[in-house]
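Pasting my_file.cif here (mmCIF, C-alpha atoms):
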data_model
loop_
_atom_site.label_atom_id
_atom_site.label_comp_id
_atom_site.auth_asym_id
_atom_site.auth_seq_id
_atom_site.Cartn_x
_atom_site.Cartn_y
_atom_site.Cartn_z
CA MET A 1 -108.76 -65.67 -21.97
CA GLU A 2 -109.91 -62.48 -20.35
CA GLY A 3 -107.13 -60.30 -18.94
CA VAL A 4 -104.40 -62.34 -20.59
CA ASN A 5 -102.52 -59.18 -21.53
CA MET A 6 -102.96 -57.59 -18.14
CA LYS A 7 -99.64 -57.02 -16.40
CA ILE A 8 -99.40 -57.81 -12.72
CA ILE A 9 -96.28 -57.33 -10.64
CA THR A 10 -96.19 -58.99 -7.23
CA ILE A 11 -93.69 -57.79 -4.66
CA SER A 12 -92.66 -60.08 -1.85
CA ARG A 13 -90.21 -58.60 0.61
CA GLU A 14 -88.26 -58.97 3.78
CA PHE A 15 -89.47 -56.77 6.59
CA GLY A 16 -87.46 -53.54 6.61
CA SER A 17 -86.02 -53.96 3.10
CA GLY A 18 -88.04 -51.11 1.60
CA GLY A 19 -90.12 -53.38 -0.62
CA ARG A 20 -93.23 -51.29 -0.10
CA GLU A 21 -91.41 -48.12 -1.19
CA VAL A 22 -90.02 -49.93 -4.25
CA GLY A 23 -93.56 -51.02 -5.12
CA LYS A 24 -95.01 -47.53 -4.80
CA ARG A 25 -92.27 -45.92 -6.89
CA LEU A 26 -92.50 -48.65 -9.49
CA ALA A 27 -96.25 -48.08 -9.80
CA GLU A 28 -95.55 -44.38 -10.42
CA VAL A 29 -92.88 -45.18 -13.01
CA LEU A 30 -95.07 -47.65 -14.90
CA GLY A 31 -98.43 -45.96 -14.34
CA TYR A 32 -99.90 -49.12 -12.81
CA ASP A 33 -102.45 -49.29 -10.03
CA TYR A 34 -100.95 -50.02 -6.64
CA TYR A 35 -102.37 -52.21 -3.89
CA ASP A 36 -101.06 -52.67 -0.41
CA ARG A 37 -102.81 -50.99 2.50
CA GLU A 38 -105.70 -50.37 0.13
CA ILE A 39 -106.61 -54.01 0.71
CA ILE A 40 -106.68 -53.42 4.45
CA SER A 41 -108.97 -50.43 3.89
CA SER A 42 -111.33 -52.61 1.87
CA LEU A 43 -111.35 -55.16 4.68
CA ALA A 44 -112.09 -52.43 7.19
CA ARG A 45 -115.07 -51.27 5.13
CA GLU A 46 -116.37 -54.85 4.91
CA THR A 47 -115.96 -55.59 8.62
CA ALA A 48 -116.35 -53.80 11.91
CA PHE A 49 -112.61 -53.71 12.54
CA GLU A 50 -110.13 -50.85 12.45
CA GLU A 51 -107.37 -50.93 9.81
CA ASN A 52 -104.64 -51.11 12.41
CA PHE A 53 -106.23 -54.13 14.06
CA ILE A 54 -106.74 -55.91 10.71
CA GLU A 55 -103.16 -55.35 9.64
CA LYS A 56 -101.69 -56.62 12.89
CA THR A 57 -104.02 -59.61 12.96
CA LEU A 58 -103.18 -60.65 9.39
CA ASP A 59 -99.48 -60.12 9.90
CA ASN A 60 -99.26 -62.12 13.05
CA VAL A 61 -101.99 -64.67 13.68
CA VAL A 62 -101.91 -67.43 11.18
CA PHE A 63 -101.59 -70.66 13.12
CA PRO A 64 -103.75 -71.92 15.93
CA THR A 65 -100.58 -73.24 17.58
CA PHE A 66 -98.36 -70.30 16.80
CA SER A 67 -97.20 -67.98 19.59
CA LEU A 68 -99.20 -64.80 19.48
CA THR A 69 -96.91 -62.78 21.67
CA PHE A 70 -95.23 -60.22 19.51
CA GLY A 71 -93.48 -57.31 21.16
CA ARG A 72 -95.40 -54.86 23.23
CA THR A 73 -97.90 -53.77 20.63
CA PHE A 74 -100.13 -56.80 21.10
CA SER A 75 -100.85 -56.59 24.77
CA THR A 76 -104.30 -55.10 24.19
CA ILE A 77 -105.70 -57.20 21.38
CA GLY A 78 -107.71 -59.82 23.21
CA ASN A 79 -107.64 -63.57 23.58
CA THR A 80 -105.96 -66.13 21.35
CA THR A 81 -109.00 -68.09 20.14
CA VAL A 82 -110.93 -65.04 19.05
CA ARG A 83 -107.91 -63.73 17.23
CA GLY A 84 -107.25 -67.05 15.45
CA THR A 85 -110.82 -67.23 14.13
CA THR A 86 -110.81 -63.55 13.19
CA ALA A 87 -107.55 -63.99 11.29
CA THR A 88 -108.93 -66.93 9.30
CA ASN A 89 -112.04 -64.96 8.39
CA LEU A 90 -110.00 -61.95 7.39
CA LEU A 91 -107.71 -64.08 5.23
CA VAL A 92 -110.65 -65.54 3.34
CA LYS A 93 -112.04 -62.05 2.72
CA GLU A 94 -108.59 -60.75 1.76
CA THR A 95 -108.16 -63.49 -0.85
CA LYS A 96 -111.53 -62.58 -2.38
CA ILE A 97 -110.57 -58.90 -2.52
CA ILE A 98 -107.27 -59.69 -4.29
CA LYS A 99 -109.01 -61.86 -6.86
CA LYS A 100 -111.56 -59.11 -7.46
CA ILE A 101 -108.78 -56.61 -8.10
CA ALA A 102 -107.37 -58.88 -10.80
CA GLU A 103 -110.80 -59.28 -12.37
CA LYS A 104 -110.86 -55.55 -13.11
CA GLY A 105 -108.37 -56.32 -15.89
CA LYS A 106 -106.13 -53.30 -15.20
CA ASP A 107 -102.32 -53.52 -14.81
CA PHE A 108 -101.33 -53.39 -11.16
CA ILE A 109 -98.66 -53.90 -8.53
CA ILE A 110 -99.44 -55.66 -5.31
CA VAL A 111 -97.24 -55.94 -2.22
CA GLY A 112 -97.14 -59.04 -0.04
CA ARG A 113 -100.12 -61.25 0.84
CA ASN A 114 -98.76 -64.25 -1.12
CA SER A 115 -100.23 -62.64 -4.19
CA ASP A 116 -97.69 -64.42 -6.42
CA LEU A 117 -99.52 -67.64 -5.50
CA LEU A 118 -103.05 -66.23 -5.48
CA LEU A 119 -102.62 -64.61 -8.90
CA LYS A 120 -100.56 -67.33 -10.54
CA LYS A 121 -102.99 -67.87 -13.42
CA TYR A 122 -102.36 -64.31 -14.61
CA ARG A 123 -98.63 -65.06 -15.03
CA PRO A 124 -97.40 -62.11 -12.96
CA LEU A 125 -93.86 -60.81 -12.74
CA ASN A 126 -92.76 -61.86 -9.26
CA LEU A 127 -90.15 -59.72 -7.51
CA PHE A 128 -88.48 -60.38 -4.19
CA ILE A 129 -86.97 -57.46 -2.29
CA TYR A 130 -84.42 -58.11 0.46
CA ALA A 131 -81.51 -56.44 2.20
CA ASP A 132 -78.65 -56.96 4.63
CA MET A 133 -79.72 -57.16 8.27
CA GLU A 134 -77.67 -54.10 9.26
CA TYR A 135 -79.38 -52.03 6.58
CA LYS A 136 -82.84 -53.27 7.57
CA VAL A 137 -82.27 -52.49 11.24
CA ASN A 138 -81.04 -48.97 10.42
CA ARG A 139 -83.97 -48.39 8.10
CA CYS A 140 -86.55 -49.60 10.60
CA LEU A 141 -85.08 -47.57 13.44
CA LEU A 142 -85.21 -44.48 11.24
CA HIS A 143 -88.64 -44.94 9.72
CA GLU A 144 -90.90 -46.65 12.21
CA LYS A 145 -92.15 -44.28 14.82
CA GLU A 146 -93.80 -46.85 17.06
CA ASP A 147 -90.55 -48.79 17.42
CA LYS A 148 -88.32 -45.84 18.16
CA LYS A 149 -87.57 -47.17 21.57
CA LEU A 150 -86.39 -50.61 20.37
CA SER A 151 -82.69 -51.42 20.71
CA ARG A 152 -80.80 -52.69 17.65
CA LYS A 153 -80.91 -56.23 19.05
CA ALA A 154 -84.66 -56.03 19.68
CA MET A 155 -85.26 -54.60 16.19
CA GLU A 156 -83.27 -57.46 14.66
CA ARG A 157 -85.40 -59.94 16.60
CA LYS A 158 -88.56 -58.23 15.41
CA ILE A 159 -87.42 -58.31 11.76
CA LYS A 160 -86.57 -62.01 12.00
CA LYS A 161 -89.89 -62.75 13.67
CA VAL A 162 -92.02 -60.99 11.04
CA ASP A 163 -90.19 -62.81 8.24
CA ASP A 164 -90.45 -66.09 10.09
CA ILE A 165 -94.24 -65.65 10.31
CA ARG A 166 -94.41 -64.80 6.61
CA SER A 167 -92.38 -67.85 5.81
CA LYS A 168 -94.46 -70.18 7.99
CA TYR A 169 -97.73 -68.83 6.62
CA ARG A 170 -96.45 -69.43 3.11
CA GLU A 171 -95.69 -73.05 4.06
CA LEU A 172 -99.40 -73.55 4.65
CA LEU A 173 -100.25 -72.36 1.14
CA SER A 174 -97.53 -73.87 -1.00
CA ASP A 175 -94.47 -76.08 -1.22
CA LYS A 176 -92.74 -73.14 -2.90
CA ALA A 177 -90.86 -71.62 0.03
CA TRP A 178 -91.11 -67.93 0.81
CA GLY A 179 -87.91 -66.15 -0.21
CA ASP A 180 -86.55 -69.06 -2.29
CA LYS A 181 -85.21 -67.27 -5.36
CA HIS A 182 -86.56 -69.94 -7.70
CA ASN A 183 -90.08 -68.72 -6.97
CA TYR A 184 -89.29 -65.22 -8.24
CA HIS A 185 -88.11 -63.68 -11.50
CA LEU A 186 -85.82 -61.10 -9.95
CA CYS A 187 -84.46 -60.76 -6.40
CA ILE A 188 -83.14 -57.35 -5.49
CA ASN A 189 -80.90 -56.50 -2.55
CA THR A 190 -81.77 -52.89 -1.68
CA SER A 191 -78.95 -52.31 0.82
CA ASN A 192 -77.58 -48.77 0.37
CA LEU A 193 -79.43 -48.22 -2.91
CA ALA A 194 -81.50 -45.15 -3.80
CA VAL A 195 -85.02 -46.55 -4.20
CA LYS A 196 -86.14 -43.79 -6.54
CA ASP A 197 -83.54 -44.58 -9.18
CA LEU A 198 -83.81 -48.31 -8.56
CA ALA A 199 -87.51 -48.13 -9.47
CA PHE A 200 -86.65 -46.75 -12.92
CA ILE A 201 -84.36 -49.67 -13.66
CA ILE A 202 -86.87 -52.22 -12.37
CA GLY A 203 -89.44 -50.47 -14.54
CA GLU A 204 -87.28 -51.07 -17.62
CA TYR A 205 -86.70 -54.64 -16.55
CA SER A 206 -90.48 -55.12 -16.12
CA ASN A 207 -91.26 -53.92 -19.62
CA PHE A 208 -88.48 -56.12 -20.99
CA PHE A 209 -89.78 -59.10 -18.98
CA PHE A 210 -93.36 -58.88 -20.23
CA ASN A 211 -92.10 -58.34 -23.74
CA SER A 212 -89.74 -61.33 -23.56
CA VAL A 213 -92.02 -63.77 -21.86
CA ARG A 214 -95.30 -62.92 -23.57
CA GLY A 215 -94.22 -61.12 -26.71
CA ASP A 216 -96.21 -58.06 -25.55
CA LYS A 217 -95.25 -54.63 -26.80
CA MET B 1 -56.15 -47.53 -1.56
CA GLU B 2 -55.00 -48.63 -4.97
CA GLY B 3 -57.78 -49.69 -7.32
CA VAL B 4 -60.51 -48.43 -5.00
CA ASN B 5 -62.46 -47.05 -7.94
CA MET B 6 -62.00 -50.16 -10.05
CA LYS B 7 -65.32 -51.83 -10.83
CA ILE B 8 -65.51 -55.59 -10.61
CA ILE B 9 -68.62 -57.62 -11.37
CA THR B 10 -68.63 -61.25 -10.27
CA ILE B 11 -71.13 -63.63 -11.81
CA SER B 12 -72.09 -66.78 -9.97
CA ARG B 13 -74.52 -69.01 -11.77
CA GLU B 14 -76.42 -72.22 -11.87
CA PHE B 15 -75.24 -74.66 -14.49
CA GLY B 16 -77.27 -74.20 -17.67
CA SER B 17 -78.75 -70.82 -16.70
CA GLY B 18 -76.79 -68.86 -19.31
CA GLY B 19 -74.69 -66.99 -16.74
CA ARG B 20 -71.61 -67.15 -18.94
CA GLU B 21 -73.50 -65.59 -21.87
CA VAL B 22 -74.90 -62.88 -19.60
CA GLY B 23 -71.35 -62.13 -18.42
CA LYS B 24 -69.95 -61.88 -21.94
CA ARG B 25 -72.73 -59.61 -23.18
CA LEU B 26 -72.50 -57.46 -20.08
CA ALA B 27 -68.76 -57.02 -20.64
CA GLU B 28 -69.51 -55.84 -24.19
CA VAL B 29 -72.20 -53.44 -22.96
CA LEU B 30 -70.00 -51.92 -20.26
CA GLY B 31 -66.66 -52.15 -22.07
CA TYR B 32 -65.14 -54.14 -19.19
CA ASP B 33 -62.55 -56.89 -19.49
CA TYR B 34 -64.00 -60.37 -19.28
CA TYR B 35 -62.52 -63.43 -17.57
CA ASP B 36 -63.81 -66.94 -17.65
CA ARG B 37 -62.04 -69.55 -19.79
CA GLU B 38 -59.16 -67.07 -20.04
CA ILE B 39 -58.22 -68.20 -16.54
CA ILE B 40 -58.13 -71.80 -17.69
CA SER B 41 -55.87 -70.77 -20.60
CA SER B 42 -53.50 -69.07 -18.16
CA LEU B 43 -53.43 -72.23 -16.07
CA ALA B 44 -52.70 -74.31 -19.16
CA ARG B 45 -49.76 -72.07 -20.02
CA GLU B 46 -48.40 -72.37 -16.47
CA THR B 47 -48.78 -76.16 -16.30
CA ALA B 48 -48.39 -79.15 -18.55
CA PHE B 49 -52.14 -79.79 -18.68
CA GLU B 50 -54.64 -79.29 -21.46
CA GLU B 51 -57.44 -76.73 -20.95
CA ASN B 52 -60.13 -79.37 -21.13
CA PHE B 53 -58.48 -81.43 -18.42
CA ILE B 54 -57.98 -78.39 -16.17
CA GLU B 55 -61.57 -77.29 -16.52
CA LYS B 56 -62.99 -80.71 -15.72
CA THR B 57 -60.59 -81.19 -12.83
CA LEU B 58 -61.46 -77.84 -11.26
CA ASP B 59 -65.16 -78.30 -11.80
CA ASN B 60 -65.33 -81.73 -10.30
CA VAL B 61 -62.57 -82.69 -7.90
CA VAL B 62 -62.62 -80.61 -4.80
CA PHE B 63 -62.84 -82.98 -1.86
CA PRO B 64 -60.62 -85.90 -0.97
CA THR B 65 -63.71 -87.78 0.15
CA PHE B 66 -66.03 -86.63 -2.60
CA SER B 67 -67.18 -89.05 -5.28
CA LEU B 68 -65.17 -88.48 -8.42
CA THR B 69 -67.41 -90.37 -10.75
CA PHE B 70 -69.22 -87.89 -12.92
CA GLY B 71 -70.99 -89.10 -16.00
CA ARG B 72 -69.08 -90.77 -18.77
CA THR B 73 -66.62 -88.01 -19.48
CA PHE B 74 -64.32 -88.90 -16.60
CA SER B 75 -63.61 -92.51 -17.30
CA THR B 76 -60.22 -91.70 -18.83
CA ILE B 77 -58.80 -89.21 -16.37
CA GLY B 78 -56.72 -91.41 -14.07
CA ASN B 79 -56.81 -92.30 -10.41
CA THR B 80 -58.45 -90.47 -7.55
CA THR B 81 -55.43 -89.49 -5.48
CA VAL B 82 -53.55 -87.97 -8.38
CA ARG B 83 -56.61 -86.00 -9.38
CA GLY B 84 -57.22 -84.73 -5.84
CA THR B 85 -53.67 -83.40 -5.54
CA THR B 86 -53.76 -81.94 -9.02
CA ALA B 87 -57.02 -80.16 -8.29
CA THR B 88 -55.63 -78.62 -5.11
CA ASN B 89 -52.53 -77.39 -6.95
CA LEU B 90 -54.64 -75.97 -9.75
CA LEU B 91 -56.92 -74.19 -7.30
CA VAL B 92 -53.98 -72.50 -5.60
CA LYS B 93 -52.66 -71.34 -8.97
CA GLU B 94 -56.12 -70.22 -10.06
CA THR B 95 -56.54 -68.08 -6.95
CA LYS B 96 -53.19 -66.38 -7.67
CA ILE B 97 -54.21 -65.68 -11.27
CA ILE B 98 -57.51 -64.10 -10.18
CA LYS B 99 -55.79 -61.86 -7.65
CA LYS B 100 -53.26 -60.80 -10.30
CA ILE B 101 -56.09 -59.83 -12.65
CA ALA B 102 -57.50 -57.53 -9.98
CA GLU B 103 -54.08 -55.99 -9.37
CA LYS B 104 -54.09 -54.67 -12.93
CA GLY B 105 -56.60 -52.10 -11.72
CA LYS B 106 -58.88 -52.35 -14.77
CA ASP B 107 -62.67 -52.83 -14.58
CA PHE B 108 -63.62 -56.43 -15.26
CA ILE B 109 -66.26 -59.12 -15.13
CA ILE B 110 -65.42 -62.59 -13.88
CA VAL B 111 -67.58 -65.70 -14.06
CA GLY B 112 -67.60 -68.34 -11.34
CA ARG B 113 -64.59 -69.50 -9.31
CA ASN B 114 -65.93 -68.05 -6.05
CA SER B 115 -64.53 -64.74 -7.18
CA ASP B 116 -67.05 -62.86 -5.05
CA LEU B 117 -65.17 -64.22 -2.04
CA LEU B 118 -61.65 -63.98 -3.46
CA LEU B 119 -62.15 -60.35 -4.53
CA LYS B 120 -64.18 -59.18 -1.56
CA LYS B 121 -61.78 -56.38 -0.63
CA TYR B 122 -62.47 -54.67 -3.96
CA ARG B 123 -66.20 -54.42 -3.12
CA PRO B 124 -67.46 -56.04 -6.32
CA LEU B 125 -71.01 -56.11 -7.58
CA ASN B 126 -72.05 -59.72 -7.07
CA LEU B 127 -74.67 -61.15 -9.42
CA PHE B 128 -76.30 -64.57 -9.26
CA ILE B 129 -77.82 -66.01 -12.43
CA TYR B 130 -80.33 -68.86 -12.16
CA ALA B 131 -83.24 -70.38 -14.06
CA ASP B 132 -86.07 -72.90 -13.88
CA MET B 133 -84.95 -76.51 -14.25
CA GLU B 134 -87.01 -77.04 -17.40
CA TYR B 135 -85.37 -74.06 -19.06
CA LYS B 136 -81.88 -75.15 -18.03
CA VAL B 137 -82.43 -78.68 -19.34
CA ASN B 138 -83.69 -77.35 -22.70
CA ARG B 139 -80.80 -74.93 -22.95
CA CYS B 140 -78.17 -77.56 -22.16
CA LEU B 141 -79.64 -80.06 -24.58
CA LEU B 142 -79.57 -77.41 -27.31
CA HIS B 143 -76.14 -75.95 -26.66
CA GLU B 144 -73.82 -78.63 -25.36
CA LYS B 145 -72.54 -80.86 -28.07
CA GLU B 146 -70.92 -83.47 -25.84
CA ASP B 147 -74.16 -84.07 -23.99
CA LYS B 148 -76.37 -84.41 -27.01
CA LYS B 149 -77.05 -88.01 -26.19
CA LEU B 150 -78.24 -87.37 -22.64
CA SER B 151 -81.91 -87.87 -21.86
CA ARG B 152 -83.82 -85.06 -20.12
CA LYS B 153 -83.65 -86.96 -16.83
CA ALA B 154 -79.91 -87.52 -17.18
CA MET B 155 -79.35 -83.87 -18.06
CA GLU B 156 -81.32 -82.81 -15.00
CA ARG B 157 -79.14 -85.08 -12.85
CA LYS B 158 -76.01 -83.59 -14.38
CA ILE B 159 -77.20 -80.02 -13.74
CA LYS B 160 -77.99 -80.83 -10.12
CA LYS B 161 -74.66 -82.55 -9.66
CA VAL B 162 -72.57 -79.68 -11.04
CA ASP B 163 -74.40 -77.21 -8.79
CA ASP B 164 -74.07 -79.54 -5.83
CA ILE B 165 -70.30 -79.64 -6.35
CA ARG B 166 -70.16 -75.83 -6.62
CA SER B 167 -72.17 -75.55 -3.46
CA LYS B 168 -70.03 -78.02 -1.52
CA TYR B 169 -66.80 -76.43 -2.68
CA ARG B 170 -68.11 -73.07 -1.54
CA GLU B 171 -68.80 -74.55 1.89
CA LEU B 172 -65.07 -75.15 2.28
CA LEU B 173 -64.28 -71.51 1.62
CA SER B 174 -67.00 -69.66 3.47
CA ASP B 175 -70.00 -69.83 5.74
CA LYS B 176 -71.82 -67.75 3.11
CA ALA B 177 -73.69 -70.42 1.17
CA TRP B 178 -73.48 -70.62 -2.61
CA GLY B 179 -76.71 -69.38 -4.16
CA ASP B 180 -78.06 -67.82 -0.95
CA LYS B 181 -79.47 -64.53 -2.23
CA HIS B 182 -78.12 -62.60 0.75
CA ASN B 183 -74.60 -63.06 -0.62
CA TYR B 184 -75.47 -61.29 -3.86
CA HIS B 185 -76.71 -57.85 -4.86
CA LEU B 186 -79.02 -59.03 -7.62
CA CYS B 187 -80.33 -62.50 -8.49
CA ILE B 188 -81.69 -62.90 -11.99
CA ASN B 189 -83.89 -65.70 -13.27
CA THR B 190 -83.07 -65.97 -16.96
CA SER B 191 -85.88 -68.41 -17.90
CA ASN B 192 -87.29 -67.42 -21.30
CA LEU B 193 -85.49 -64.07 -21.36
CA ALA B 194 -83.47 -62.69 -24.28
CA VAL B 195 -79.95 -62.47 -22.88
CA LYS B 196 -78.87 -59.70 -25.24
CA ASP B 197 -81.51 -57.26 -24.04
CA LEU B 198 -81.18 -58.44 -20.46
CA ALA B 199 -77.48 -57.47 -20.55
CA PHE B 200 -78.40 -53.86 -21.35
CA ILE B 201 -80.66 -53.62 -18.32
CA ILE B 202 -78.10 -55.24 -16.04
CA GLY B 203 -75.58 -52.78 -17.47
CA GLU B 204 -77.76 -49.87 -16.37
CA TYR B 205 -78.28 -51.49 -13.01
CA SER B 206 -74.49 -51.94 -12.64
CA ASN B 207 -73.76 -48.27 -13.30
CA PHE B 208 -76.52 -47.31 -10.88
CA PHE B 209 -75.18 -49.74 -8.27
CA PHE B 210 -71.61 -48.41 -8.32
CA ASN B 211 -72.91 -44.86 -8.29
CA SER B 212 -75.24 -45.55 -5.34
CA VAL B 213 -72.90 -47.58 -3.22
CA ARG B 214 -69.65 -45.71 -3.83
CA GLY B 215 -70.79 -42.35 -5.10
CA ASP B 216 -68.83 -42.97 -8.33
CA LYS B 217 -69.84 -41.20 -11.49
#
The structure given in the file should be rewritten as structure tokens.
Amino acid sequence: MEGVNMKIITISREFGSGGREVGKRLAEVLGYDYYDREIISSLARETAFEENFIEKTLDNVVFPTFSLTFGRTFSTIGNTTVRGTTATNLLVKETKIIKKIAEKGKDFIIVGRNSDLLLKKYRPLNLFIYADMEYKVNRCLLHEKEDKKLSRKAMERKIKKVDDIRSKYRELLSDKAWGDKHNYHLCINTSNLAVKDLAFIIGEYSNFFFNSVRGDK
Amino acid sequence: MEGVNMKIITISREFGSGGREVGKRLAEVLGYDYYDREIISSLARETAFEENFIEKTLDNVVFPTFSLTFGRTFSTIGNTTVRGTTATNLLVKETKIIKKIAEKGKDFIIVGRNSDLLLKKYRPLNLFIYADMEYKVNRCLLHEKEDKKLSRKAMERKIKKVDDIRSKYRELLSDKAWGDKHNYHLCINTSNLAVKDLAFIIGEYSNFFFNSVRGDK
């Protein structure tokens, strides 16, 4: 089978846990390609939409019946029906883009987007990154410019809401629940850890994993 | 505070996942003391009971209202009320033994027994070891002599039952659910992995963890 030796690492993560940073560092450590916002950029090139709009639409509008009100940032986006249809179209395109990436046959890391499900046939290493709520709130308040004015309580609500949407979207795709450790090979609590050094250890684990499971060198 | 620099690693695990083996190997890698059946031996010395009886009693009888029938191995143990009282007494003694171990001030690894809760004040590294059901069934059928005659289905039922008891017992002690990843620092799926090599990587992670979280060298 083509690409059978290709190594794919999927990173699922709680909002605010630093999963994206772990993914980036890990790609540097292992010398793998890295996909995250790059997928959004591809979508932007294929459509008439701006990256920011695509990202927010994909992150938030996944059910016709799901509340679309999400903080202040969405007040300008337009009406529900248009957004629902747009989201569905974008998701279909996104899935195609992810499958095309895999068809290149190069080792890569991909963050989010239920890629552990979409890429299942390539037998990826599936990581889940999470953290304590206090740590996530602190991290988000520090790092996210647009939310600087949120209180701790409001930030906690936002974090829960994003993860709730991820979880509900996953329910549509699979009976394997989002965040259930049995769907992942390694679940890492990043609270108070230095991501840079953590990435080295996960890199060693990754090499060990592929070697153990596939007998690769 | 006395023992503030002492490093404790607690290992919680699904039945059949190889958590005990991971713990033993990790203790060798790190040069830490290791406690598991040693606690049962201490209990045997303190009481009139045999180790085998103590282990089965602690593993299975934790609720006055909980069904005490568990496979064939329990048919000879005696009546429910006696066992319930005995289990409670043994648990009290067990808790004292675990706290005494910590008071020695030496680095150690301890498997099971809700030690992550009992030893919380020492800020242990809490690991959770799990695996796919198919892997656990295979592993149990290979390794456990007394269960050699169990069918795959029966072994699966046994695995689920042991974990269900662990989970329910935990519920009595804490609102932090057994197996919920947020109660652990690292959750490791051992399916198809070589435990010996895995222990080296967890060893590196452990040193990194204590260094990150406490600033220890």
Chain B residues within 8 Å of chain A, counting all atoms listed in the file: which ones, as a list in words?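 Taking all atoms listed in the file into account, Tyr130, Ala131, Asp132, Lys181, His182, Tyr184, His185, Leu186, Cys187, Ile188, Asn189, Thr190, Asn192, Leu193, Ala194, Asp197, Leu198, Ile201, Glu204, Tyr205, Phe208, Phe209, Ser212 and Val213 of chain B sit within 8 Å of chain A.
For the pair atom CA of A:Tyr34 and atom CA of A:Ile9, the interatomic distance is 9.6 Å.
Using only C-alpha atoms, the protein and nucleic acid residues lying no more than 10 Å from A:Asp36, apart from those fewer than 4 places from it along its own chain, are A:Ile11, A:Arg20, A:Gly23, A:Lys24, A:Ile40, A:Ser41, A:Ile109, A:Ile110, A:Val111, A:Gly112, A:Arg113.
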Computed gap from atom CA of A:Lys160 to atom CA of A:Ile97 is 28.2 Å
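A straight line drawn from atom CA of B:Ile165 to atom CA of B:Pro124 is 23.8 Å long.
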